[in-house]
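With PDB, C-alpha atoms and all ligand atoms inside, this is query05.pdb:
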ATOM      1  CA  MET A   1      13.325 -12.252  24.945
ATOM      2  CA  ALA A   2      10.506 -14.435  23.595
ATOM      3  CA  ILE A   3      11.462 -18.085  23.086
ATOM      4  CA  LEU A   4      10.266 -20.281  20.259
ATOM      5  CA  LYS A   5       8.151 -23.077  21.741
ATOM      6  CA  ASP A   6       7.981 -26.635  20.412
ATOM      7  CA  PHE A   7       5.870 -27.492  17.384
ATOM      8  CA  GLN A   8       5.676 -30.262  14.811
ATOM      9  CA  TYR A   9       7.102 -29.281  11.418
ATOM     10  CA  HIS A  10       5.577 -30.819   8.275
ATOM     11  CA  ALA A  11       6.520 -30.403   4.610
ATOM     12  CA  PRO A  12       3.736 -32.125   2.599
ATOM     13  CA  GLU A  13       4.220 -32.685  -1.142
ATOM     14  CA  SER A  14       0.606 -32.289  -2.286
ATOM     15  CA  VAL A  15      -2.372 -30.058  -1.556
ATOM     16  CA  ASP A  16      -4.417 -33.052  -0.384
ATOM     17  CA  GLU A  17      -1.687 -34.064   2.065
ATOM     18  CA  ALA A  18      -1.535 -30.483   3.394
ATOM     19  CA  LEU A  19      -5.340 -30.361   3.759
ATOM     20  CA  ASP A  20      -5.261 -33.626   5.651
ATOM     21  CA  LEU A  21      -2.615 -32.226   8.033
ATOM     22  CA  LEU A  22      -4.719 -29.071   8.501
ATOM     23  CA  ARG A  23      -7.709 -31.232   9.462
ATOM     24  CA  ARG A  24      -5.745 -33.421  11.881
ATOM     25  CA  SER A  25      -3.648 -30.756  13.631
ATOM     26  CA  GLY A  26      -4.745 -29.042  16.838
ATOM     27  CA  LYS A  27      -3.648 -25.478  16.076
ATOM     28  CA  PRO A  28      -1.952 -25.510  12.674
ATOM     29  CA  VAL A  29      -0.308 -22.652  10.798
ATOM     30  CA  LEU A  30       0.566 -22.690   7.106
ATOM     31  CA  LEU A  31       4.051 -21.463   6.247
ATOM     32  CA  ALA A  32       4.828 -19.946   2.831
ATOM     33  CA  GLY A  33       7.799 -17.526   2.614
ATOM     34  CA  GLY A  34       7.520 -16.948   6.359
ATOM     35  CA  THR A  35       8.101 -13.164   6.287
ATOM     36  CA  PHE A  36       5.009 -12.688   8.381
ATOM     37  CA  VAL A  37       4.628 -16.084  10.099
ATOM     38  CA  LEU A  38       8.228 -16.311  11.337
ATOM     39  CA  ASN A  39       8.017 -12.765  12.639
ATOM     40  CA  THR A  40       4.956 -13.508  14.719
ATOM     41  CA  LEU A  41       5.592 -17.107  15.823
ATOM     42  CA  LYS A  42       7.326 -16.146  19.081
ATOM     43  CA  LYS A  43       4.588 -13.655  19.945
ATOM     44  CA  ALA A  44       1.635 -15.864  18.942
ATOM     45  CA  VAL A  45      -1.203 -15.807  21.467
ATOM     46  CA  ALA A  46      -2.631 -19.114  20.247
ATOM     47  CA  TYR A  47       0.716 -20.859  19.775
ATOM     48  CA  PRO A  48       0.639 -23.374  16.855
ATOM     49  CA  THR A  49       1.016 -27.089  17.513
ATOM     50  CA  ASP A  50       1.905 -27.754  13.863
ATOM     51  CA  VAL A  51       3.695 -25.695  11.218
ATOM     52  CA  ILE A  52       2.790 -26.892   7.715
ATOM     53  CA  ALA A  53       5.319 -25.688   5.137
ATOM     54  CA  LEU A  54       4.004 -25.340   1.582
ATOM     55  CA  ARG A  55       7.346 -25.099  -0.226
ATOM     56  CA  LYS A  56       7.432 -28.699  -1.547
ATOM     57  CA  ILE A  57       3.992 -28.588  -3.189
ATOM     58  CA  LYS A  58       4.537 -28.324  -6.960
ATOM     59  CA  ALA A  59       0.901 -27.313  -7.672
ATOM     60  CA  LEU A  60       1.500 -24.034  -5.794
ATOM     61  CA  GLN A  61       4.510 -22.999  -7.883
ATOM     62  CA  GLY A  62       5.253 -21.104 -11.073
ATOM     63  CA  ILE A  63       3.912 -18.565 -13.515
ATOM     64  CA  ALA A  64       2.428 -20.046 -16.712
ATOM     65  CA  ASP A  65       0.507 -19.070 -19.827
ATOM     66  CA  THR A  66      -2.390 -21.561 -19.868
ATOM     67  CA  GLY A  67      -3.689 -20.467 -23.271
ATOM     68  CA  GLU A  68      -6.731 -18.992 -21.538
ATOM     69  CA  GLY A  69      -4.734 -16.590 -19.388
ATOM     70  CA  ILE A  70      -2.015 -16.490 -16.772
ATOM     71  CA  SER A  71      -1.769 -18.893 -13.845
ATOM     72  CA  ILE A  72       0.319 -17.774 -10.845
ATOM     73  CA  GLY A  73       1.014 -20.367  -8.151
ATOM     74  CA  ALA A  74       0.404 -19.205  -4.575
ATOM     75  CA  MET A  75       4.070 -19.889  -3.667
ATOM     76  CA  THR A  76       5.386 -17.583  -6.412
ATOM     77  CA  LEU A  77       7.809 -15.040  -4.967
ATOM     78  CA  LEU A  78       6.955 -11.339  -5.106
ATOM     79  CA  SER A  79      10.306 -10.734  -6.873
ATOM     80  CA  ASP A  80       9.347 -13.221  -9.635
ATOM     81  CA  ILE A  81       5.990 -11.475 -10.101
ATOM     82  CA  ALA A  82       7.677  -8.071 -10.337
ATOM     83  CA  SER A  83      10.119  -9.273 -13.014
ATOM     84  CA  SER A  84       7.915 -11.670 -15.017
ATOM     85  CA  PRO A  85       7.688 -10.556 -18.708
ATOM     86  CA  LEU A  86       4.269 -12.289 -18.983
ATOM     87  CA  ILE A  87       2.813 -10.422 -16.006
ATOM     88  CA  ARG A  88       4.409  -7.131 -17.046
ATOM     89  CA  GLU A  89       2.838  -7.454 -20.491
ATOM     90  CA  ARG A  90      -0.662  -8.598 -19.497
ATOM     91  CA  ALA A  91      -1.199  -7.471 -15.915
ATOM     92  CA  SER A  92       1.339  -4.702 -15.440
ATOM     93  CA  VAL A  93      -0.385  -3.270 -12.342
ATOM     94  CA  LEU A  94       0.325  -6.533 -10.499
ATOM     95  CA  ALA A  95       4.036  -6.439 -11.397
ATOM     96  CA  ARG A  96       4.166  -2.810 -10.240
ATOM     97  CA  ALA A  97       2.426  -3.540  -6.943
ATOM     98  CA  ALA A  98       4.733  -6.517  -6.237
ATOM     99  CA  ALA A  99       7.779  -4.332  -6.928
ATOM    100  CA  CYS A 100       6.565  -1.862  -4.257
ATOM    101  CA  VAL A 101       6.399  -4.359  -1.388
ATOM    102  CA  ALA A 102       8.952  -3.717   1.366
ATOM    103  CA  THR A 103      12.577  -4.375   0.377
ATOM    104  CA  THR A 104      14.475  -6.564  -2.110
ATOM    105  CA  PRO A 105      15.357  -9.328   0.439
ATOM    106  CA  LEU A 106      11.740  -9.482   1.599
ATOM    107  CA  ARG A 107      10.456  -9.738  -1.994
ATOM    108  CA  HIS A 108      12.835 -12.693  -2.500
ATOM    109  CA  MET A 109      11.158 -14.515   0.430
ATOM    110  CA  GLY A 110       7.526 -13.336   0.469
ATOM    111  CA  THR A 111       4.940 -15.007  -1.748
ATOM    112  CA  ILE A 112       1.761 -13.800  -3.451
ATOM    113  CA  GLY A 113      -0.233 -16.464  -1.560
ATOM    114  CA  GLY A 114       1.056 -15.298   1.826
ATOM    115  CA  ASN A 115       0.335 -11.694   0.909
ATOM    116  CA  VAL A 116      -3.318 -12.353   0.060
ATOM    117  CA  ALA A 117      -4.035 -15.163   2.564
ATOM    118  CA  SER A 118      -2.818 -13.013   5.470
ATOM    119  CA  ARG A 119      -6.052 -11.036   4.907
ATOM    120  CA  PHE A 120      -4.513  -7.868   6.306
ATOM    121  CA  PHE A 121      -6.157  -4.761   4.902
ATOM    122  CA  TRP A 122      -2.811  -3.010   4.482
ATOM    123  CA  VAL A 123      -1.071  -5.443   2.112
ATOM    124  CA  ASP A 124      -0.368  -4.356  -1.466
ATOM    125  CA  LEU A 125      -1.431  -7.162  -3.791
ATOM    126  CA  PRO A 126      -5.230  -7.492  -3.294
ATOM    127  CA  ALA A 127      -5.962  -4.090  -4.933
ATOM    128  CA  ALA A 128      -3.873  -5.018  -8.003
ATOM    129  CA  LEU A 129      -5.487  -8.482  -8.236
ATOM    130  CA  VAL A 130      -8.987  -6.948  -8.092
ATOM    131  CA  ALA A 131      -7.892  -4.447 -10.774
ATOM    132  CA  VAL A 132      -7.048  -7.292 -13.195
ATOM    133  CA  GLY A 133     -10.184  -9.289 -12.316
ATOM    134  CA  ALA A 134      -8.210 -12.254 -10.943
ATOM    135  CA  LYS A 135      -9.790 -15.486  -9.789
ATOM    136  CA  VAL A 136      -8.503 -17.637  -6.960
ATOM    137  CA  GLU A 137      -8.247 -21.432  -6.843
ATOM    138  CA  TRP A 138      -8.951 -22.362  -3.255
ATOM    139  CA  ALA A 139      -8.747 -25.837  -1.658
ATOM    140  CA  ALA A 140     -10.723 -26.402   1.538
ATOM    141  CA  GLY A 141     -12.444 -29.250   3.364
ATOM    142  CA  SER A 142     -15.408 -28.878   0.999
ATOM    143  CA  GLY A 143     -13.182 -29.405  -2.076
ATOM    144  CA  LYS A 144     -11.507 -27.155  -4.661
ATOM    145  CA  LYS A 145     -13.260 -23.958  -5.763
ATOM    146  CA  VAL A 146     -12.517 -21.134  -8.148
ATOM    147  CA  LEU A 147     -13.716 -17.802  -6.748
ATOM    148  CA  ASP A 148     -13.564 -14.197  -7.923
ATOM    149  CA  ILE A 149     -10.866 -12.478  -5.885
ATOM    150  CA  GLU A 150     -13.464 -10.060  -4.460
ATOM    151  CA  LYS A 151     -15.540 -13.012  -3.169
ATOM    152  CA  PHE A 152     -12.411 -14.682  -1.817
ATOM    153  CA  LEU A 153     -11.407 -11.561   0.108
ATOM    154  CA  ALA A 154     -14.871 -11.433   1.693
ATOM    155  CA  LEU A 155     -14.653 -14.998   3.126
ATOM    156  CA  LYS A 156     -14.733 -15.025   6.935
ATOM    157  CA  GLY A 157     -14.482 -17.493   9.833
ATOM    158  CA  PRO A 158     -14.326 -21.218   8.992
ATOM    159  CA  ASP A 159     -14.985 -20.437   5.284
ATOM    160  CA  ALA A 160     -11.639 -18.610   5.174
ATOM    161  CA  LYS A 161      -9.683 -21.710   6.288
ATOM    162  CA  GLY A 162      -8.007 -23.644   3.485
ATOM    163  CA  ILE A 163      -5.138 -23.482   1.023
ATOM    164  CA  LEU A 164      -4.728 -20.899  -1.678
ATOM    165  CA  VAL A 165      -3.500 -22.830  -4.720
ATOM    166  CA  ARG A 166      -3.155 -20.301  -7.555
ATOM    167  CA  PHE A 167      -4.389 -17.073  -9.122
ATOM    168  CA  LEU A 168      -5.907 -17.003 -12.611
ATOM    169  CA  ILE A 169      -5.946 -13.890 -14.767
ATOM    170  CA  ALA A 170      -7.987 -14.346 -17.940
ATOM    171  CA  GLU A 171      -8.154 -10.872 -19.435
ATOM    172  CA  LYS A 172      -5.254  -8.829 -20.743
ATOM    173  CA  HIS A 173      -4.748  -5.511 -18.964
ATOM    174  CA  PRO A 174      -1.595  -4.139 -20.568
ATOM    175  CA  VAL A 175      -2.196  -0.610 -19.243
ATOM    176  CA  GLY A 176      -1.578  -0.505 -15.513
ATOM    177  CA  GLU A 177      -0.496   1.958 -12.852
ATOM    178  CA  TYR A 178       0.005   1.610  -9.100
ATOM    179  CA  PHE A 179       0.288   4.608  -6.747
ATOM    180  CA  ARG A 180       1.157   4.122  -3.116
ATOM    181  CA  HIS A 181       1.715   6.266  -0.022
ATOM    182  CA  THR A 182       3.589   5.064   3.040
ATOM    183  CA  GLN A 183       3.185   6.189   6.631
ATOM    184  CA  ALA A 184       6.768   7.391   7.002
ATOM    185  CA  MET A 185      10.180   6.828   5.422
ATOM    186  CA  GLU A 186      11.020   4.163   7.990
ATOM    187  CA  VAL A 187       7.608   2.391   7.837
ATOM    188  CA  ASP A 188       7.155   1.229   4.271
ATOM    189  CA  LEU A 189       3.696  -0.322   4.650
ATOM    190  CA  PRO A 190       1.058   1.295   2.453
ATOM    191  CA  LEU A 191      -1.224   3.917   3.999
ATOM    192  CA  ALA A 192      -3.242   4.353   0.828
ATOM    193  CA  ALA A 193      -2.889   2.985  -2.691
ATOM    194  CA  LEU A 194      -4.618   3.251  -6.049
ATOM    195  CA  ALA A 195      -4.499   0.440  -8.620
ATOM    196  CA  PHE A 196      -5.538   0.964 -12.240
ATOM    197  CA  ALA A 197      -5.849  -1.565 -15.082
ATOM    198  CA  ALA A 198      -7.326  -1.312 -18.576
ATOM    199  CA  ARG A 199      -6.899  -2.023 -22.279
ATOM    200  CA  LYS A 200      -6.394   0.865 -24.666
ATOM    201  CA  GLN A 201      -8.086   0.839 -28.089
ATOM    202  CA  ALA A 202      -8.417   3.468 -30.792
ATOM    203  CA  ASP A 203     -11.956   4.333 -29.636
ATOM    204  CA  GLY A 204     -11.093   4.538 -25.935
ATOM    205  CA  LEU A 205     -10.208   2.631 -22.762
ATOM    206  CA  LYS A 206     -11.815  -0.801 -22.227
ATOM    207  CA  ASP A 207     -12.342  -3.052 -19.178
ATOM    208  CA  VAL A 208     -11.327  -0.229 -16.864
ATOM    209  CA  ARG A 209     -10.868  -1.141 -13.229
ATOM    210  CA  LEU A 210      -9.852   1.264 -10.491
ATOM    211  CA  VAL A 211      -9.337   0.010  -6.971
ATOM    212  CA  VAL A 212      -8.447   1.818  -3.772
ATOM    213  CA  ASN A 213      -6.701   0.376  -0.736
ATOM    214  CA  THR A 214      -7.011   2.589   2.357
ATOM    215  CA  ALA A 215      -5.338   0.014   4.643
ATOM    216  CA  LEU A 216      -8.352   0.473   6.960
ATOM    217  CA  SER A 217     -10.972  -1.736   5.299
ATOM    218  CA  PRO A 218     -11.264  -4.148   2.351
ATOM    219  CA  VAL A 219     -10.285  -2.731  -1.047
ATOM    220  CA  VAL A 220     -12.945  -0.649  -2.814
ATOM    221  CA  ARG A 221     -13.696  -0.414  -6.540
ATOM    222  CA  LEU A 222     -14.304   3.117  -7.815
ATOM    223  CA  LYS A 223     -17.405   2.496  -9.924
ATOM    224  CA  SER A 224     -18.084   6.187 -10.832
ATOM    225  CA  VAL A 225     -14.517   6.696 -12.038
ATOM    226  CA  GLU A 226     -14.594   3.390 -13.914
ATOM    227  CA  SER A 227     -17.705   4.449 -15.854
ATOM    228  CA  LEU A 228     -16.187   7.885 -16.534
ATOM    229  CA  PHE A 229     -13.105   6.240 -18.092
ATOM    230  CA  GLU A 230     -14.777   3.309 -19.909
ATOM    231  CA  ASN A 231     -14.926   3.806 -23.716
ATOM    232  CA  THR A 232     -13.336   7.268 -23.323
ATOM    233  CA  LYS A 233     -10.266   8.329 -25.282
ATOM    234  CA  THR A 234      -7.455   9.242 -22.918
ATOM    235  CA  SER A 235      -7.141  12.699 -24.563
ATOM    236  CA  ARG A 236     -10.692  13.461 -23.348
ATOM    237  CA  LEU A 237     -10.110  12.584 -19.682
ATOM    238  CA  LYS A 238     -10.079  15.490 -17.234
ATOM    239  CA  GLU A 239      -7.976  15.469 -14.064
ATOM    240  CA  LYS A 240     -10.389  17.423 -11.830
ATOM    241  CA  GLU A 241     -13.437  15.520 -13.048
ATOM    242  CA  ALA A 242     -11.753  12.189 -12.283
ATOM    243  CA  ALA A 243     -10.717  13.377  -8.797
ATOM    244  CA  ALA A 244     -14.304  14.562  -8.108
ATOM    245  CA  ALA A 245     -15.658  11.140  -9.156
ATOM    246  CA  LEU A 246     -13.165   9.461  -6.779
ATOM    247  CA  ARG A 247     -14.427  11.673  -3.928
ATOM    248  CA  ARG A 248     -18.016  10.615  -4.764
ATOM    249  CA  ASP A 249     -17.034   6.935  -4.715
ATOM    250  CA  LEU A 250     -15.274   7.241  -1.363
ATOM    251  CA  GLU A 251     -17.645   9.664   0.371
ATOM    252  CA  GLY A 252     -19.592   6.909   2.189
ATOM    253  CA  GLY A 253     -16.327   5.503   3.606
ATOM    254  CA  LYS A 254     -15.681   8.563   5.846
ATOM    255  CA  LEU A 255     -12.059   8.600   4.810
ATOM    256  CA  ASP A 256      -9.703  10.984   6.621
ATOM    257  CA  ASP A 257      -8.620  14.107   4.746
ATOM    258  CA  TYR A 258      -4.999  13.057   4.410
ATOM    259  CA  ARG A 259      -5.753   9.797   2.608
ATOM    260  CA  LEU A 260      -8.398  11.488   0.471
ATOM    261  CA  GLN A 261      -5.954  14.210  -0.600
ATOM    262  CA  CYS A 262      -3.321  11.578  -1.449
ATOM    263  CA  LEU A 263      -5.768   9.579  -3.563
ATOM    264  CA  CYS A 264      -7.173  12.661  -5.363
ATOM    265  CA  GLY A 265      -3.591  13.636  -6.224
ATOM    266  CA  ASP A 266      -2.986  10.104  -7.539
ATOM    267  CA  MET A 267      -6.099  10.287  -9.670
ATOM    268  CA  GLU A 268      -4.952  13.535 -11.255
ATOM    269  CA  ALA A 269      -1.473  12.090 -11.823
ATOM    270  CA  LEU A 270      -3.011   8.987 -13.403
ATOM    271  CA  VAL A 271      -5.041  11.057 -15.902
ATOM    272  CA  GLU A 272      -1.957  13.114 -16.738
ATOM    273  CA  ARG A 273       0.098   9.947 -17.370
ATOM    274  CA  LEU A 274      -2.629   8.383 -19.521
ATOM    275  CA  LYS A 275      -2.852  11.523 -21.655
ATOM    276  CA  ARG A 276       0.924  11.634 -22.141
ATOM    277  CA  ALA A 277       1.345   7.912 -22.918
ATOM    278  CA  LYS A 278       1.932   7.169 -26.609
ATOM    279  CA  THR A 279       0.607   3.591 -26.598
TER     280      THR A 279
HETATM  281  C1  LIG B   1       9.461  -5.637   7.466
HETATM  282  C2  LIG B   1       8.254  -6.051   6.688
HETATM  283  C3  LIG B   1       7.742  -5.195   5.724
HETATM  284  C4  LIG B   1       6.612  -5.562   4.994
HETATM  285  N1  LIG B   1       6.148  -4.708   4.031
HETATM  286  C5  LIG B   1       5.088  -5.042   3.294
HETATM  287  C6  LIG B   1       4.614  -4.171   2.263
HETATM  288  O1  LIG B   1       5.157  -3.097   2.035
HETATM  289  N2  LIG B   1       3.521  -4.555   1.553
HETATM  290  C7  LIG B   1       2.903  -5.748   1.771
HETATM  291  O2  LIG B   1       1.951  -6.054   1.072
HETATM  292  N3  LIG B   1       3.340  -6.599   2.734
HETATM  293  C8  LIG B   1       4.406  -6.294   3.494
HETATM  294  N4  LIG B   1       4.847  -7.145   4.479
HETATM  295  C9  LIG B   1       4.074  -8.375   4.793
HETATM  296  C10 LIG B   1       4.568  -9.690   4.135
HETATM  297  O3  LIG B   1       5.944  -9.751   4.082
HETATM  298  C11 LIG B   1       4.033  -9.870   2.709
HETATM  299  O4  LIG B   1       2.656  -9.671   2.710
HETATM  300  C12 LIG B   1       4.387 -11.250   2.080
HETATM  301  O5  LIG B   1       3.894 -11.316   0.768
HETATM  302  C13 LIG B   1       3.808 -12.414   2.882
HETATM  303  O6  LIG B   1       4.151 -13.613   2.178
HETATM  304  P1  LIG B   1       4.851 -14.866   2.895
HETATM  305  O7  LIG B   1       5.017 -15.904   1.842
HETATM  306  O8  LIG B   1       6.072 -14.450   3.602
HETATM  307  O9  LIG B   1       3.713 -15.260   3.934
HETATM  308  P2  LIG B   1       3.828 -16.093   5.307
HETATM  309  O10 LIG B   1       4.410 -15.243   6.366
HETATM  310  O11 LIG B   1       4.450 -17.424   5.092
HETATM  311  O12 LIG B   1       2.244 -16.312   5.564
HETATM  312  C14 LIG B   1       1.369 -15.205   5.774
HETATM  313  C15 LIG B   1      -0.036 -15.742   6.144
HETATM  314  O13 LIG B   1      -0.649 -16.365   5.033
HETATM  315  C16 LIG B   1      -0.941 -17.760   5.309
HETATM  316  N5  LIG B   1      -0.645 -18.467   4.053
HETATM  317  C17 LIG B   1       0.511 -18.386   3.341
HETATM  318  N6  LIG B   1       0.389 -19.065   2.186
HETATM  319  C18 LIG B   1      -0.865 -19.580   2.165
HETATM  320  C19 LIG B   1      -1.599 -20.367   1.230
HETATM  321  N7  LIG B   1      -1.062 -20.756   0.044
HETATM  322  N8  LIG B   1      -2.869 -20.708   1.535
HETATM  323  C20 LIG B   1      -3.450 -20.308   2.701
HETATM  324  N9  LIG B   1      -2.800 -19.566   3.629
HETATM  325  C21 LIG B   1      -1.532 -19.208   3.359
HETATM  326  C22 LIG B   1      -0.026 -18.122   6.471
HETATM  327  O14 LIG B   1      -0.561 -19.178   7.244
HETATM  328  C23 LIG B   1      -0.020 -16.797   7.243
HETATM  329  O15 LIG B   1      -1.190 -16.672   8.007
HETATM  330  C24 LIG B   1       5.979  -6.821   5.237
HETATM  331  C25 LIG B   1       6.510  -7.682   6.209
HETATM  332  C26 LIG B   1       7.621  -7.320   6.917
HETATM  333  C27 LIG B   1       8.164  -8.286   7.934
END
Show me this structure written as structure tokens.
Amino acid sequence: MAILKDFQYHAPESVDEALDLLRRSGKPVLLAGGTFVLNTLKKAVAYPTDVIALRKIKALQGIADTGEGISIGAMTLLSDIASSPLIRERASVLARAAACVATTPLRHMGTIGGNVASRFFWVDLPAALVAVGAKVEWAAGSGKKVLDIEKFLALKGPDAKGILVRFLIAEKHPVGEYFRHTQAMEVDLPLAALAFAARKQADGLKDVRLVVNTALSPVVRLKSVESLFENTKTSRLKEKEAAAALRRDLEGGKLDDYRLQCLCGDMEALVERLKRAKT
């Protein structure tokens, strides 16, 4: 049985204090809800010298209406995102994606910051955050920055080291859907997922965003499908046409047949749902 080795535990109360600890520690690891970190600590190849817990930092907590949009602290629990009336109303795809993660106990421990900062391709929330055009407030040695989520997800190496402070969602995307396929009943991690967000007006859908997560590479926006849907009344959308546009968007990615079939089925189901929806 693997044994937990010694490390220094820190619980800073501000982002600056946490950044300072990150700078001064030999091999630090940030700890949010710990659902991933605690699972891997015993097996870590590069064992951490310092564990920096983020739970006491107020700036990383809470869901708020800022007047310009929604702010979601990085330490917000997945269960709070899934049940938040504000997020359900303005960014429903994000609430749906959070509700899909793992199991109820895990959603009561895991945070949105840990989900995104883990940078695993297979996690659920990045596709939904790209679908609502979220921005990320990021604190690093070079100072605080606000980045588009797509730019944040592309950061690599030393640029990817820092503290995720909060997510900002400026636009309202009340229409949202999240489809997800798992590998097997007993392995609930997503194998493929499709996130959709938009506004619906009398003359058609607006600000349409469709994002695919294949769990194999970074999330991909479906630009052909987006332009097919934009400004189109839902009654005019066609299931097969939308699925063909999805195939075009994903063709370069050499996706396996199984995932492609799943996602084409999702696309058809999405069009069907949009046509049936009254509002
Ligand atoms: C059994 C099981 C099932 C799971 N199923 C799913 C699933 O279905 N879908 C899914 O998406 N995920 C799943 N996960 C993965 C994980 O639980 C979630 O992604 C969760 O949201 C991680 O959040 P956390 O707060 O627990 O992160 P932690 O474990 O605390 O941290 C994860 C990583 O992010 C870093 N980090 C955390 N917060 C910050 C921050 N603010 N700034 C910078 N870095 C930070 C940590 O250093 C660490 O590297 C599963 C995990 C387990 C154990």
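Residues matched by the PyMOL selection byres (((chain A and resi 179) around 9) and not hetatm) in this file are Ala97, Glu177, Tyr178, Arg180, His181, Ala192, Ala193, Leu194, Ala195, Phe196, Leu263, Asp266 and Leu270 of chain A.
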For the file shown, what are the residues hit by the PyMOL selection byres (((chain A and resi 99) around 10) and not hetatm), laid out as a list in words? Leu78, Ser79, Asp80, Ile81, Ala82, Ser83, Val93, Leu94, Ala95, Arg96, Ala97, Ala98, Cys100, Val101, Ala102, Thr103, Thr104, Arg107 and Asp124 of chain A
Mind dumping a table of every chain A residue within 8 Å of ligand LIG 1 (chain B), with the nearest atom pair and its distance in Å to one decimal, using only C-alpha atoms and all ligand atoms, sorted by chain and rising number, as a Markdown table?
| residue | atom | partner | partner_atom | distance |
| --- | --- | --- | --- | --- |
| A:Val29 | CA | B:LIG1 | O14 | 5.0 |
| A:Leu30 | CA | B:LIG1 | O14 | 3.7 |
| A:Leu31 | CA | B:LIG1 | O11 | 4.2 |
| A:Ala32 | CA | B:LIG1 | O11 | 3.4 |
| A:Gly33 | CA | B:LIG1 | O7 | 3.3 |
| A:Gly34 | CA | B:LIG1 | O11 | 3.4 |
| A:Thr35 | CA | B:LIG1 | O8 | 3.6 |
| A:Phe36 | CA | B:LIG1 | O10 | 3.3 |
| A:Val37 | CA | B:LIG1 | O10 | 3.8 |
| A:Leu38 | CA | B:LIG1 | O10 | 6.4 |
| A:Asn39 | CA | B:LIG1 | C27 | 6.5 |
| A:Leu54 | CA | B:LIG1 | N7 | 7.0 |
| A:Leu60 | CA | B:LIG1 | N7 | 7.2 |
| A:Ala74 | CA | B:LIG1 | N7 | 5.1 |
| A:Met75 | CA | B:LIG1 | N7 | 6.4 |
| A:Leu77 | CA | B:LIG1 | O7 | 7.4 |
| A:Leu78 | CA | B:LIG1 | O5 | 6.6 |
| A:Ala98 | CA | B:LIG1 | O2 | 7.8 |
| A:Cys100 | CA | B:LIG1 | O1 | 6.6 |
| A:Val101 | CA | B:LIG1 | O1 | 3.9 |
| A:Ala102 | CA | B:LIG1 | O1 | 3.9 |
| A:Thr103 | CA | B:LIG1 | C3 | 7.3 |
| A:Leu106 | CA | B:LIG1 | O3 | 6.3 |
| A:Arg107 | CA | B:LIG1 | O5 | 7.3 |
| A:Met109 | CA | B:LIG1 | O8 | 6.0 |
| A:Gly110 | CA | B:LIG1 | O8 | 3.6 |
| A:Thr111 | CA | B:LIG1 | O7 | 3.7 |
| A:Ile112 | CA | B:LIG1 | O5 | 5.3 |
| A:Gly113 | CA | B:LIG1 | N6 | 4.6 |
| A:Gly114 | CA | B:LIG1 | O9 | 3.4 |
| A:Asn115 | CA | B:LIG1 | O4 | 3.6 |
| A:Val116 | CA | B:LIG1 | O13 | 6.9 |
| A:Ala117 | CA | B:LIG1 | O13 | 4.4 |
| A:Ser118 | CA | B:LIG1 | C15 | 4.0 |
| A:Arg119 | CA | B:LIG1 | O13 | 7.6 |
| A:Trp122 | CA | B:LIG1 | O2 | 6.6 |
| A:Val123 | CA | B:LIG1 | O2 | 3.3 |
| A:Asp124 | CA | B:LIG1 | O2 | 3.8 |
| A:Leu125 | CA | B:LIG1 | O2 | 6.0 |
| A:Trp138 | CA | B:LIG1 | N8 | 7.9 |
| A:Lys161 | CA | B:LIG1 | C20 | 7.3 |
| A:Gly162 | CA | B:LIG1 | C20 | 5.7 |
| A:Ile163 | CA | B:LIG1 | N8 | 3.6 |
| A:Leu164 | CA | B:LIG1 | N8 | 3.7 |
| A:Val165 | CA | B:LIG1 | N7 | 5.7 |
| A:Arg166 | CA | B:LIG1 | N7 | 7.9 |
| A:Val187 | CA | B:LIG1 | C3 | 7.9 |
| A:Asp188 | CA | B:LIG1 | O1 | 5.3 |
| A:Leu189 | CA | B:LIG1 | O1 | 4.1 |
| A:Pro190 | CA | B:LIG1 | O1 | 6.0 |
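Evaluated on this file, the PyMOL selection byres (((chain A and resi 132-135) around 6) and not hetatm) matches Leu129, Val130, Ala131, Val136, Leu147, Asp148, Ile149, Phe167, Leu168 and Ile169 of chain A.
Distances here use all atoms listed in the file; by that measure, the residue among A:Leu250, A:Arg55, A:Arg24, A:Lys275 closest to Pro12 in chain A is A:Arg55.
Nearest to Leu246 in chain A of all the residues A:Thr232, A:Ser92, A:Ser217, A:Ser224 is A:Ser224, counting only C-alpha atoms.
Residues having any atom no farther than 6 Å from (-4.6, 1.0, 6.1) (counting all atoms listed in the file) are Trp122, Leu191, Thr214, Ala215 and Leu216 of chain A.
Excluding Glu239 in chain A itself and any same-chain residue fewer than 5 positions from it, the protein and nucleic acid residues within 12 Å of it, counting only C-alpha atoms, are Val225, Leu228, Phe229, Thr234, Ala244, Ala245, Leu246, Cys264, Gly265, Asp266, Met267, Glu268, Ala269, Leu270, Val271, Glu272, Arg273, Leu274 and Lys275 of chain A.
CA of Glu230 in chain A is found 7.2 Å from CA of Gly204 in chain A.
With distances restricted to all atoms listed in the file, A:Asp65 is the closest residue to Ala170 in chain A from A:Asp65, A:Glu251, A:Glu226, A:Glu89.
Counting only C-alpha atoms and comparing A:Ser25, A:Gln201, A:Gln183, A:Thr40, the residue that lies closest to Ile52 in chain A is A:Ser25.
Closest to Ser84 in chain A among A:Ala46, A:Leu153, A:Leu205, A:Ile63 is A:Ile63, based on all atoms listed in the file.
Here CA of Val146 in chain A and CA of Lys200 in chain A stand 28.2 Å from one another.
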Looking at all atoms listed in the file, which of A:Ala139, A:Ala127, A:Val51, A:Val45 is the one that sits closest to Gln8 in chain A? A:Val51
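The space between CA of Pro126 in chain A and CA of Val219 in chain A spans 7.3 Å.
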Exercise: Ala59 in chain A partners within 8 Å, all atoms listed in the file, chain neighbours under 6 positions left out, as an MDAnalysis selection string: chainID A and resid 14:15 73 165
Quick one: everything within 12 Å of Arg248 in chain A, counting only C-alpha atoms, minus sequence neighbours fewer than 5 positions away in the same chain. Send it as a PyMOL selection string. chain A and resi 221-225+241-243+253-255+260+264
